[in-house]
Every structure is written in C-alpha cells, then in structure tokens.
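Student: Below is coords.cif; it holds mmCIF, C-alpha atoms.
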data_structure
loop_
_atom_site.group_PDB
_atom_site.id
_atom_site.type_symbol
_atom_site.label_atom_id
_atom_site.label_comp_id
_atom_site.auth_asym_id
_atom_site.auth_seq_id
_atom_site.Cartn_x
_atom_site.Cartn_y
_atom_site.Cartn_z
ATOM 1 C CA MET U 28 -26.099 -36.394 30.620
ATOM 2 C CA SER U 29 -29.234 -37.645 28.892
ATOM 3 C CA PRO U 30 -30.166 -41.285 29.530
ATOM 4 C CA ILE U 31 -29.272 -43.847 26.896
ATOM 5 C CA ARG U 32 -32.359 -44.675 24.884
ATOM 6 C CA ARG U 33 -33.180 -48.367 24.640
ATOM 7 C CA LEU U 34 -33.158 -49.860 21.163
ATOM 8 C CA PRO U 35 -36.081 -51.885 19.878
ATOM 9 C CA SER U 36 -35.665 -55.641 19.821
ATOM 10 C CA LEU U 37 -33.654 -57.259 17.038
ATOM 11 C CA ASN U 38 -36.813 -59.092 15.941
ATOM 12 C CA ALA U 39 -38.596 -55.772 15.476
ATOM 13 C CA LEU U 40 -35.691 -54.306 13.512
ATOM 14 C CA ARG U 41 -35.515 -57.435 11.367
ATOM 15 C CA VAL U 42 -39.196 -57.009 10.549
ATOM 16 C CA LEU U 43 -38.629 -53.330 9.691
ATOM 17 C CA GLU U 44 -35.845 -54.316 7.311
ATOM 18 C CA ALA U 45 -38.025 -57.003 5.708
ATOM 19 C CA ILE U 46 -40.982 -54.641 5.186
ATOM 20 C CA HIS U 47 -38.675 -52.101 3.550
ATOM 21 C CA GLN U 48 -37.196 -54.712 1.214
ATOM 22 C CA ALA U 49 -40.356 -56.705 0.487
ATOM 23 C CA GLY U 50 -42.740 -53.747 0.250
ATOM 24 C CA SER U 51 -45.576 -54.898 2.511
ATOM 25 C CA ILE U 52 -46.379 -56.742 5.730
ATOM 26 C CA THR U 53 -47.675 -59.746 3.795
ATOM 27 C CA ALA U 54 -44.541 -59.965 1.640
ATOM 28 C CA ALA U 55 -42.339 -59.458 4.708
ATOM 29 C CA ALA U 56 -44.075 -62.325 6.513
ATOM 30 C CA ARG U 57 -43.521 -64.542 3.492
ATOM 31 C CA HIS U 58 -39.865 -63.465 3.292
ATOM 32 C CA LEU U 59 -39.254 -64.136 6.999
ATOM 33 C CA ARG U 60 -41.375 -67.315 6.946
ATOM 34 C CA ILE U 61 -43.481 -66.197 9.879
ATOM 35 C CA SER U 62 -47.191 -65.369 10.204
ATOM 36 C CA HIS U 63 -48.792 -62.095 9.180
ATOM 37 C CA SER U 64 -49.875 -61.551 12.789
ATOM 38 C CA ALA U 65 -46.293 -62.015 14.048
ATOM 39 C CA VAL U 66 -45.095 -59.265 11.715
ATOM 40 C CA SER U 67 -47.999 -57.000 12.723
ATOM 41 C CA HIS U 68 -47.091 -57.549 16.386
ATOM 42 C CA GLN U 69 -43.518 -56.339 15.767
ATOM 43 C CA VAL U 70 -44.880 -53.341 13.851
ATOM 44 C CA LYS U 71 -46.934 -52.392 16.934
ATOM 45 C CA ILE U 72 -43.787 -52.703 19.087
ATOM 46 C CA LEU U 73 -41.942 -50.338 16.759
ATOM 47 C CA GLU U 74 -44.847 -47.875 16.723
ATOM 48 C CA ALA U 75 -44.916 -47.833 20.527
ATOM 49 C CA TRP U 76 -41.145 -47.344 20.685
ATOM 50 C CA ALA U 77 -40.771 -44.584 18.077
ATOM 51 C CA THR U 78 -41.325 -40.916 18.878
ATOM 52 C CA ASP U 79 -42.042 -40.231 15.191
ATOM 53 C CA PRO U 80 -44.350 -42.261 12.929
ATOM 54 C CA LEU U 81 -42.549 -45.052 11.081
ATOM 55 C CA PHE U 82 -45.603 -46.415 9.249
ATOM 56 C CA PHE U 83 -48.754 -45.137 7.575
ATOM 57 C CA SER U 84 -51.701 -46.853 5.919
ATOM 58 C CA LYS U 85 -52.465 -46.519 2.244
ATOM 59 C CA GLY U 86 -55.711 -48.331 1.715
ATOM 60 C CA ARG U 87 -55.176 -51.764 3.205
ATOM 61 C CA VAL U 88 -51.400 -51.610 2.762
ATOM 62 C CA THR U 89 -48.989 -50.508 5.516
ATOM 63 C CA MET U 90 -46.204 -48.313 4.123
ATOM 64 C CA LEU U 91 -43.037 -46.820 5.610
ATOM 65 C CA THR U 92 -42.783 -43.090 6.244
ATOM 66 C CA ASP U 93 -39.562 -41.276 5.318
ATOM 67 C CA ALA U 94 -38.416 -41.731 8.916
ATOM 68 C CA GLY U 95 -39.256 -45.436 8.676
ATOM 69 C CA LYS U 96 -37.342 -45.792 5.413
ATOM 70 C CA SER U 97 -34.327 -44.019 6.906
ATOM 71 C CA LEU U 98 -34.271 -46.263 9.975
ATOM 72 C CA ALA U 99 -34.832 -49.348 7.801
ATOM 73 C CA GLY U 100 -31.899 -48.366 5.577
ATOM 74 C CA VAL U 101 -29.556 -47.930 8.546
ATOM 75 C CA THR U 102 -30.832 -51.196 10.009
ATOM 76 C CA HIS U 103 -30.141 -53.017 6.746
ATOM 77 C CA GLU U 104 -26.574 -51.658 6.653
ATOM 78 C CA ALA U 105 -26.008 -52.763 10.260
ATOM 79 C CA PHE U 106 -27.383 -56.258 9.634
ATOM 80 C CA ASP U 107 -25.294 -56.500 6.461
ATOM 81 C CA ALA U 108 -22.170 -55.637 8.455
ATOM 82 C CA ILE U 109 -23.049 -58.381 10.944
ATOM 83 C CA ARG U 110 -23.703 -60.881 8.127
ATOM 84 C CA HIS U 111 -20.398 -59.963 6.508
ATOM 85 C CA GLU U 112 -18.521 -60.408 9.774
ATOM 86 C CA ILE U 113 -20.172 -63.802 10.358
ATOM 87 C CA ASP U 114 -19.045 -64.872 6.886
ATOM 88 C CA ARG U 115 -15.514 -63.835 7.820
ATOM 89 C CA LEU U 116 -15.422 -65.703 11.140
ATOM 90 C CA PRO U 117 -13.590 -68.709 9.638
ATOM 91 C CA LEU U 118 -10.813 -66.319 8.560
ATOM 92 C CA ARG U 119 -10.336 -65.176 12.141
ATOM 93 C CA GLY U 120 -9.029 -68.589 13.070
ATOM 94 C CA LEU U 121 -6.387 -68.453 10.372
ATOM 95 C CA ARG U 122 -3.095 -66.592 10.467
ATOM 96 C CA SER U 123 -4.335 -64.000 8.011
ATOM 97 C CA VAL U 124 -3.326 -60.440 7.188
ATOM 98 C CA SER U 125 -6.008 -58.132 5.799
ATOM 99 C CA LEU U 126 -4.865 -55.644 3.179
ATOM 100 C CA ALA U 127 -7.096 -52.980 1.614
ATOM 101 C CA CYS U 128 -6.039 -50.805 -1.299
ATOM 102 C CA LEU U 129 -7.413 -48.560 -4.013
ATOM 103 C CA PRO U 130 -8.731 -50.362 -7.123
ATOM 104 C CA LEU U 131 -5.996 -49.012 -9.439
ATOM 105 C CA VAL U 132 -3.285 -50.127 -7.009
ATOM 106 C CA ALA U 133 -4.835 -53.584 -6.808
ATOM 107 C CA THR U 134 -5.247 -54.175 -10.546
ATOM 108 C CA HIS U 135 -2.182 -52.402 -11.972
ATOM 109 C CA TRP U 136 0.445 -52.866 -9.269
ATOM 110 C CA LEU U 137 -0.379 -55.310 -6.490
ATOM 111 C CA MET U 138 -1.838 -58.283 -8.362
ATOM 112 C CA PRO U 139 1.112 -58.726 -10.747
ATOM 113 C CA ARG U 140 3.505 -58.702 -7.782
ATOM 114 C CA ILE U 141 1.974 -61.146 -5.306
ATOM 115 C CA ALA U 142 2.063 -64.253 -7.489
ATOM 116 C CA GLY U 143 4.992 -65.695 -5.545
ATOM 117 C CA PHE U 144 3.950 -64.549 -2.079
ATOM 118 C CA ASN U 145 2.041 -67.708 -1.097
ATOM 119 C CA ALA U 146 4.859 -69.899 -2.347
ATOM 120 C CA LYS U 147 7.356 -68.023 -0.155
ATOM 121 C CA HIS U 148 5.032 -67.684 2.832
ATOM 122 C CA PRO U 149 2.501 -70.568 2.823
ATOM 123 C CA GLU U 150 1.852 -69.962 6.531
ATOM 124 C CA ILE U 151 0.253 -66.563 5.873
ATOM 125 C CA ASN U 152 -3.209 -66.060 4.379
ATOM 126 C CA LEU U 153 -3.464 -62.687 2.651
ATOM 127 C CA HIS U 154 -6.987 -61.260 2.599
ATOM 128 C CA LEU U 155 -7.342 -58.504 -0.022
ATOM 129 C CA SER U 156 -10.157 -55.974 -0.298
ATOM 130 C CA LEU U 157 -10.796 -52.732 -2.154
ATOM 131 C CA SER U 158 -11.124 -49.291 -0.622
ATOM 132 C CA GLN U 159 -11.948 -45.789 -1.793
ATOM 133 C CA THR U 160 -10.182 -42.653 -0.610
ATOM 134 C CA ASP U 161 -13.394 -41.197 0.831
ATOM 135 C CA ARG U 162 -14.966 -44.473 1.978
ATOM 136 C CA PRO U 163 -13.269 -46.126 4.957
ATOM 137 C CA VAL U 164 -13.165 -49.926 4.999
ATOM 138 C CA THR U 165 -15.148 -51.595 7.801
ATOM 139 C CA PRO U 166 -13.840 -53.437 9.731
ATOM 140 C CA ARG U 167 -10.521 -51.662 9.496
ATOM 141 C CA PRO U 168 -7.869 -53.803 7.746
ATOM 142 C CA ASP U 169 -4.465 -54.600 9.228
ATOM 143 C CA ILE U 170 -2.698 -52.753 6.395
ATOM 144 C CA GLU U 171 -4.011 -50.127 3.980
ATOM 145 C CA ILE U 172 -2.518 -48.626 0.835
ATOM 146 C CA GLN U 173 -3.810 -45.063 0.674
ATOM 147 C CA PHE U 174 -3.174 -41.896 -1.350
ATOM 148 C CA ALA U 175 -2.283 -38.498 0.110
ATOM 149 C CA ARG U 176 0.156 -35.599 0.020
ATOM 150 C CA ARG U 177 3.541 -36.555 1.409
ATOM 151 C CA ASN U 178 3.315 -33.920 4.143
ATOM 152 C CA GLN U 179 0.162 -35.610 5.450
ATOM 153 C CA LEU U 180 1.951 -38.879 6.229
ATOM 154 C CA THR U 181 2.600 -39.758 9.862
ATOM 155 C CA GLY U 182 5.923 -40.965 11.202
ATOM 156 C CA GLN U 183 4.708 -44.573 11.032
ATOM 157 C CA ASP U 184 3.484 -44.428 7.422
ATOM 158 C CA ILE U 185 5.661 -45.814 4.615
ATOM 159 C CA ALA U 186 5.759 -44.063 1.222
ATOM 160 C CA LEU U 187 5.245 -46.750 -1.413
ATOM 161 C CA LEU U 188 4.771 -45.279 -4.906
ATOM 162 C CA PRO U 189 4.938 -41.772 -6.398
ATOM 163 C CA GLY U 190 1.635 -40.104 -7.231
ATOM 164 C CA ASP U 191 2.645 -37.832 -10.116
ATOM 165 C CA ALA U 192 0.314 -37.768 -13.135
ATOM 166 C CA ILE U 193 0.848 -37.088 -16.863
ATOM 167 C CA PRO U 194 -1.581 -36.662 -19.792
ATOM 168 C CA VAL U 195 -2.196 -39.791 -21.879
ATOM 169 C CA CYS U 196 -4.595 -40.959 -24.575
ATOM 170 C CA SER U 197 -5.087 -43.850 -26.958
ATOM 171 C CA PRO U 198 -2.998 -43.965 -30.161
ATOM 172 C CA ALA U 199 -6.226 -43.917 -32.194
ATOM 173 C CA LEU U 200 -7.333 -40.646 -30.590
ATOM 174 C CA LEU U 201 -3.973 -39.045 -31.250
ATOM 175 C CA GLY U 202 -3.957 -40.187 -34.874
ATOM 176 C CA GLY U 203 -1.509 -38.166 -36.951
ATOM 177 C CA ARG U 204 -1.775 -35.021 -34.825
ATOM 178 C CA CYS U 205 1.021 -33.647 -32.691
ATOM 179 C CA PRO U 206 0.438 -33.962 -28.906
ATOM 180 C CA ASP U 207 0.191 -30.184 -28.368
ATOM 181 C CA GLU U 208 -2.571 -29.923 -30.971
ATOM 182 C CA LEU U 209 -4.612 -32.636 -29.269
ATOM 183 C CA LEU U 210 -3.999 -31.137 -25.815
ATOM 184 C CA ALA U 211 -5.289 -27.803 -27.093
ATOM 185 C CA SER U 212 -8.498 -29.090 -28.646
ATOM 186 C CA GLY U 213 -9.088 -32.751 -27.811
ATOM 187 C CA PRO U 214 -11.706 -34.032 -25.345
ATOM 188 C CA LEU U 215 -10.535 -34.011 -21.726
ATOM 189 C CA LEU U 216 -11.539 -36.687 -19.223
ATOM 190 C CA PHE U 217 -12.257 -35.755 -15.615
ATOM 191 C CA ASP U 218 -12.731 -37.639 -12.393
ATOM 192 C CA GLU U 219 -14.003 -36.074 -9.169
ATOM 193 C CA ASP U 220 -10.720 -34.171 -8.742
ATOM 194 C CA LEU U 221 -11.484 -31.263 -11.074
ATOM 195 C CA ARG U 222 -8.374 -29.358 -9.990
ATOM 196 C CA MET U 223 -6.022 -31.660 -11.926
ATOM 197 C CA TRP U 224 -6.449 -30.272 -15.445
ATOM 198 C CA SER U 225 -6.487 -26.638 -14.304
ATOM 199 C CA GLN U 226 -3.313 -27.301 -12.325
ATOM 200 C CA TRP U 227 -1.655 -28.960 -15.317
ATOM 201 C CA HIS U 228 -2.589 -26.085 -17.641
ATOM 202 C CA GLU U 229 -1.291 -23.538 -15.147
ATOM 203 C CA LEU U 230 1.961 -25.428 -14.692
ATOM 204 C CA THR U 231 2.643 -25.887 -18.411
ATOM 205 C CA GLY U 232 1.326 -22.569 -19.670
ATOM 206 C CA HIS U 233 -1.242 -24.249 -21.922
ATOM 207 C CA PRO U 234 -4.497 -22.283 -22.238
ATOM 208 C CA ALA U 235 -7.046 -23.336 -19.613
ATOM 209 C CA ARG U 236 -9.869 -25.568 -20.821
ATOM 210 C CA SER U 237 -13.488 -25.861 -19.719
ATOM 211 C CA ALA U 238 -14.353 -28.583 -17.223
ATOM 212 C CA SER U 239 -17.027 -29.790 -19.646
ATOM 213 C CA GLY U 240 -14.289 -31.649 -21.536
ATOM 214 C CA SER U 241 -15.645 -34.776 -23.210
ATOM 215 C CA GLY U 242 -18.866 -34.572 -21.242
ATOM 216 C CA LEU U 243 -17.810 -37.705 -19.362
ATOM 217 C CA MET U 244 -17.150 -37.653 -15.606
ATOM 218 C CA LEU U 245 -15.615 -40.776 -14.082
ATOM 219 C CA GLU U 246 -15.447 -42.060 -10.529
ATOM 220 C CA GLY U 247 -11.965 -43.228 -9.659
ATOM 221 C CA SER U 248 -8.650 -43.730 -11.408
ATOM 222 C CA VAL U 249 -9.490 -47.187 -12.791
ATOM 223 C CA LEU U 250 -12.378 -45.817 -14.840
ATOM 224 C CA LEU U 251 -10.341 -42.771 -15.828
ATOM 225 C CA GLN U 252 -7.476 -44.836 -17.229
ATOM 226 C CA GLY U 253 -9.901 -47.283 -18.839
ATOM 227 C CA ALA U 254 -11.713 -44.445 -20.593
ATOM 228 C CA ALA U 255 -8.409 -43.171 -21.977
ATOM 229 C CA ILE U 256 -7.563 -46.651 -23.299
ATOM 230 C CA ALA U 257 -11.013 -46.806 -24.918
ATOM 231 C CA GLY U 258 -10.231 -43.602 -26.841
ATOM 232 C CA LEU U 259 -12.849 -41.493 -25.067
ATOM 233 C CA GLY U 260 -10.500 -38.617 -24.304
ATOM 234 C CA ILE U 261 -7.267 -37.405 -22.720
ATOM 235 C CA ALA U 262 -6.723 -38.301 -19.064
ATOM 236 C CA LEU U 263 -4.260 -37.273 -16.392
ATOM 237 C CA CYS U 264 -3.170 -40.673 -15.077
ATOM 238 C CA ARG U 265 -0.758 -41.706 -12.339
ATOM 239 C CA ARG U 266 2.557 -42.435 -14.025
ATOM 240 C CA CYS U 267 3.482 -45.393 -11.825
ATOM 241 C CA PHE U 268 0.503 -47.367 -13.221
ATOM 242 C CA LEU U 269 1.064 -46.563 -16.892
ATOM 243 C CA GLU U 270 4.126 -48.691 -17.636
ATOM 244 C CA ARG U 271 2.376 -51.709 -19.160
ATOM 245 C CA ASP U 272 -0.232 -49.733 -21.095
ATOM 246 C CA LEU U 273 2.470 -47.474 -22.563
ATOM 247 C CA ALA U 274 4.830 -50.355 -23.352
ATOM 248 C CA GLU U 275 2.110 -52.415 -25.047
ATOM 249 C CA GLY U 276 0.744 -49.497 -27.068
ATOM 250 C CA ARG U 277 -2.647 -49.059 -25.435
ATOM 251 C CA LEU U 278 -1.742 -45.530 -24.361
ATOM 252 C CA VAL U 279 0.682 -42.819 -25.479
ATOM 253 C CA ALA U 280 2.065 -40.042 -23.282
ATOM 254 C CA LEU U 281 1.304 -36.575 -24.624
ATOM 255 C CA SER U 282 3.756 -34.784 -22.319
ATOM 256 C CA ASP U 283 6.397 -35.553 -19.711
ATOM 257 C CA GLN U 284 5.223 -32.589 -17.644
ATOM 258 C CA ALA U 285 3.685 -34.030 -14.490
ATOM 259 C CA ILE U 286 1.590 -32.699 -11.651
ATOM 260 C CA ASP U 287 1.163 -33.987 -8.086
ATOM 261 C CA ASP U 288 4.861 -34.625 -7.441
ATOM 262 C CA ASP U 289 4.028 -33.999 -3.783
ATOM 263 C CA TRP U 290 1.502 -36.869 -3.633
ATOM 264 C CA CYS U 291 2.185 -40.561 -3.047
ATOM 265 C CA TYR U 292 0.662 -43.942 -2.339
ATOM 266 C CA PHE U 293 1.631 -45.105 1.130
ATOM 267 C CA LEU U 294 1.312 -47.970 3.591
ATOM 268 C CA ARG U 295 -0.499 -47.492 6.878
ATOM 269 C CA CYS U 296 -0.601 -50.259 9.461
ATOM 270 C CA GLN U 297 -2.746 -50.520 12.575
ATOM 271 C CA ALA U 298 -0.508 -49.592 15.493
ATOM 272 C CA ASP U 299 -1.572 -52.556 17.630
ATOM 273 C CA LYS U 300 -0.726 -54.986 14.809
ATOM 274 C CA ARG U 301 2.661 -53.554 13.811
ATOM 275 C CA HIS U 302 4.652 -55.925 16.041
ATOM 276 C CA LEU U 303 3.132 -59.134 14.642
ATOM 277 C CA PRO U 304 5.609 -61.187 12.571
ATOM 278 C CA GLU U 305 3.137 -61.885 9.754
ATOM 279 C CA ILE U 306 2.443 -58.149 9.432
ATOM 280 C CA GLU U 307 6.164 -57.488 9.163
ATOM 281 C CA VAL U 308 6.470 -60.126 6.424
ATOM 282 C CA VAL U 309 3.718 -58.496 4.326
ATOM 283 C CA LEU U 310 5.064 -54.971 4.869
ATOM 284 C CA THR U 311 8.560 -56.065 3.842
ATOM 285 C CA ALA U 312 7.213 -57.768 0.712
ATOM 286 C CA LEU U 313 5.312 -54.623 -0.316
ATOM 287 C CA VAL U 314 8.288 -52.342 0.311
ATOM 288 C CA ASP U 315 10.593 -54.676 -1.660
ATOM 289 C CA ALA U 316 8.093 -54.711 -4.552
ATOM 290 C CA SER U 317 8.011 -50.920 -4.485
ATOM 291 C CA ALA U 318 11.812 -50.735 -4.613
ATOM 292 C CA ALA U 319 11.870 -53.147 -7.565
ATOM 293 C CA SER U 320 9.321 -50.959 -9.371
ATOM 294 C CA ARG U 321 11.451 -47.862 -8.858
ATOM 295 C CA HIS U 322 14.562 -49.624 -10.125
ATOM 296 C CA ALA U 323 12.704 -50.849 -13.220
ATOM 297 C CA ARG U 324 11.512 -47.325 -14.024
ATOM 298 C CA ALA U 325 15.007 -45.942 -13.521
ATOM 299 C CA ALA U 326 16.406 -48.564 -15.913
ATOM 300 C CA GLN U 327 13.855 -47.547 -18.565
ATOM 301 C CA PHE U 328 14.978 -43.919 -18.367
ATOM 302 C CA THR U 329 18.686 -44.803 -18.691
ATOM 303 C CA GLU U 330 18.370 -47.211 -21.601
#
Could I get this structure in the form of structure tokens?
Tutor:
Amino acid sequence: MSPIRRLPSLNALRVLEAIHQAGSITAAARHLRISHSAVSHQVKILEAWATDPLFFSKGRVTMLTDAGKSLAGVTHEAFDAIRHEIDRLPLRGLRSVSLACLPLVATHWLMPRIAGFNAKHPEINLHLSLSQTDRPVTPRPDIEIQFARRNQLTGQDIALLPGDAIPVCSPALLGGRCPDELLASGPLLFDEDLRMWSQWHELTGHPARSASGSGLMLEGSVLLQGAAIAGLGIALCRRCFLERDLAEGRLVALSDQAIDDDWCYFLRCQADKRHLPEIEVVLTALVDASAASRHARAAQFTE
C-alpha cells in the first residue's frame, strides 16, 4: 500500500484559491488582507509540495498552470462545502428534517401541499433543497424524492407519483389545427432524454421525427414544461404535474397516449434515520399527499 501523501496547509490552499479567483498575487493579498510577502511565502510552500508545476511567470505576474487551476477549482469547491456546512450549523441544533427533490416536484407538487404542515407539526423544521437526477446532493438529505424505473426501487423505497408523460403544447401553438396535424409537423421540444420522442412515435405509430425539433434543447423538466407554456414547441411532460396548467388553459394535451408507465417518482430515506419520529411524520405526510393527488385525478376521469 502506498503511503498517504500529506496535504499542503489550509493557509496555502486558501492562497491558491484566492490567486485563482483574484487573478494575481497582489490581488490575492488584497482579497485576503495579508501582505504580498505572506502570499508569496505560501506560493513557495505549494511549489515545494507539488510534483507538477502549479505556477508560472508571465512577465512580472505569477499565473496558474492548468494543474494549478484544476487544484484551485477543487479547493474552491471543498472550501465552499465547508462554508455551506458552517452556515447550516444552527440548523443542526433544531429538530429538522432535510428533504431534497427535483425542481418540477418542488414547484408543481410539493409546494402547494405543505402549506399546512407547519401548523400541524410546529415542532418540526422542514429544510427543503433541490436536486438533479445526475447530481447527488451533498450532504445527503434525510429524505429524497427521486425519479427512476419502478423495477429499480429497493424494498425500502416508497413509490410516490406516476412518471408517465404525454405530449402537450400551448393553445396558441395549436391554433385551429387538429392535434395529429401539429404532432406531424410542429416543433418538438427536447430535454437531455432524447429517447422520449422516438419512443412515443414508435408506440403510437406516428412517423419518427428528427431530433433537431425546434432547435431548442432544455435541461430538466421545469424548463421543458415552461417552454411548452411559452408556445415554443410540443413537449412530452409528466402527466402528474400537468393538472393545473391544463385546467387553467396554459397547456392542452395533444394525445392521451403516454410513455414511461414503468417510471415513477419515489421516496428514499436514509436507513439510519428511518426510525426517527420526525422522519416518520414527514414520510406519512408525503404519502398522504400522494394518495390525495391520485384520488383527485381519479375523480377528474369519472366526472
């Protein structure tokens, strides 16, 4: 086993971060409110520690090499994580439950349903944050609402909302055309999941369309649904988040044919937190809200 390599001092790393952000030793000294010689001393410590050059001189200015920039970037992220955790220290003393969820879940489902939570449970502080499917939240929250195929759920996960998606657009984009006409020729909106439209066309028998679509690629379901509301094209949106926009006329459904029936939004709780009473209260509230949503959708279909 190779020996563990010692890290440079925190002071040296702080100077590296400051030089990267400020652009020079002089500016870094001003930013850190220390002398130019103190910064230069830490630079020498880093140069002695590193096996690859971190700095080079350009005229009278000391610059970072690519290796120096890379280390400075990682250092900045690490210091930011520490700063963020220090800011959160007061929360640690509270009886709080941290909950992270995807942006669309937060804005279209969770927020309208937690208005009465504090009134019912004033002893619990709910700390909400946003997550992305491919970007894990750090530090890991107590409870997460994630998106995956149902067969990927573990025995401890709780299915919350269906993940099926249907094509929608703004009423203005549809105009007086029939939905099939617009689906055949109208601009398509895509997010990073390029399989969705090809899967929908294959399932419905509609002729396949080019992925060029409207020429607009969007990151995440919030932007995708927002672009559809803005009349920029046709989007495949998750049906469970469309109720209000459809009811209030911001969107119209072009077909009832859905894809991704085998996907869902689900709850995942840290195993070592599952037994805590406040965690159980939040989980129960989320599951009850999900059941109420399902009953409301069922009532719409039977009316």
Student: Which of these residues is nearest to Trp290 of chain U, using only C-alpha atoms: U:Leu251, U:Val308, U:Ala65, U:Leu188?
Tutor: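 Among the listed residues, U:Leu188 lies closest to Trp290 of chain U.
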Student: What is the atom CA of Ser225 of chain U-atom CA of Ala280 of chain U distance in Å, reported with one decimal?
Tutor: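 Atom CA of Ser225 of chain U sits 18.3 Å away from atom CA of Ala280 of chain U.
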Student: Find the spatial neighbours of Thr92 of chain U, counting all atoms listed in the file, within a cut-off of 6 Å - ignore same-chain residues fewer than 3 positions away - and output them as a list in words.
Tutor: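 Near Thr92 of chain U, the qualifying residues are Leu81, Phe82 and Gly95 of chain U.
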Student: Taking (-5.4, -55.1, 5.3) in the coordinates of the supplied file, I want to know which residues reach to within 10 Å of it, counting only C-alpha atoms; could you give the answer as JSON, numbers by chain?
Tutor: {"U": [123, 124, 125, 126, 127, 128, 153, 154, 155, 156, 157, 164, 166, 167, 168, 169, 170, 171, 172, 294, 295, 296, 297, 306, 309]}
Student: Using all atoms listed in the file, which residue out of U:Glu112, U:Asp93, U:Asp289, U:Glu104 lies closest to Arg41 of chain U?
Tutor: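 Looking at the shortest contact to Arg41 of chain U, the residue is U:Glu104.
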Student: Skip segment 97-99 of chain U itself and residues of its chain fewer than 2 positions away, then list as an mmCIF file with C-alpha atoms, in the frame of the given file all residues within 6 Å of it, counting all atoms listed in the file.
Tutor:
data_model
loop_
_atom_site.group_PDB
_atom_site.id
_atom_site.type_symbol
_atom_site.label_atom_id
_atom_site.label_comp_id
_atom_site.auth_asym_id
_atom_site.auth_seq_id
_atom_site.Cartn_x
_atom_site.Cartn_y
_atom_site.Cartn_z
ATOM 1 C CA LEU U 43 -38.629 -53.330 9.691
ATOM 2 C CA GLU U 44 -35.845 -54.316 7.311
ATOM 3 C CA ALA U 94 -38.416 -41.731 8.916
ATOM 4 C CA GLY U 95 -39.256 -45.436 8.676
ATOM 5 C CA VAL U 101 -29.556 -47.930 8.546
ATOM 6 C CA THR U 102 -30.832 -51.196 10.009
#
Student: Report the distance between atom CA of Leu245 of chain U and atom CA of Phe217 of chain U in Å, rounded to one decimal place.
Tutor: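 Between these atoms lies a distance of 6.2 Å.
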Student: Rounded to one decimal in Å, what is the spacing between atom CA of Ile46 of chain U and atom CA of Arg60 of chain U?
Tutor: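 According to the coordinates, atom CA of Ile46 of chain U and atom CA of Arg60 of chain U are separated by 12.8 Å.
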Student: Could you list, as an mmCIF file with C-alpha atoms, in the frame of the given file, every residue matched by the PyMOL selection byres ((chain U and resi 198-210) around 8) in this structure?
Tutor:
data_model
loop_
_atom_site.group_PDB
_atom_site.id
_atom_site.type_symbol
_atom_site.label_atom_id
_atom_site.label_comp_id
_atom_site.auth_asym_id
_atom_site.auth_seq_id
_atom_site.Cartn_x
_atom_site.Cartn_y
_atom_site.Cartn_z
ATOM 1 C CA CYS U 196 -4.595 -40.959 -24.575
ATOM 2 C CA SER U 197 -5.087 -43.850 -26.958
ATOM 3 C CA ALA U 211 -5.289 -27.803 -27.093
ATOM 4 C CA SER U 212 -8.498 -29.090 -28.646
ATOM 5 C CA GLY U 213 -9.088 -32.751 -27.811
ATOM 6 C CA GLY U 258 -10.231 -43.602 -26.841
ATOM 7 C CA LEU U 259 -12.849 -41.493 -25.067
ATOM 8 C CA GLY U 260 -10.500 -38.617 -24.304
ATOM 9 C CA ILE U 261 -7.267 -37.405 -22.720
ATOM 10 C CA GLY U 276 0.744 -49.497 -27.068
ATOM 11 C CA ARG U 277 -2.647 -49.059 -25.435
ATOM 12 C CA LEU U 278 -1.742 -45.530 -24.361
ATOM 13 C CA VAL U 279 0.682 -42.819 -25.479
ATOM 14 C CA LEU U 281 1.304 -36.575 -24.624
ATOM 15 C CA SER U 282 3.756 -34.784 -22.319
#
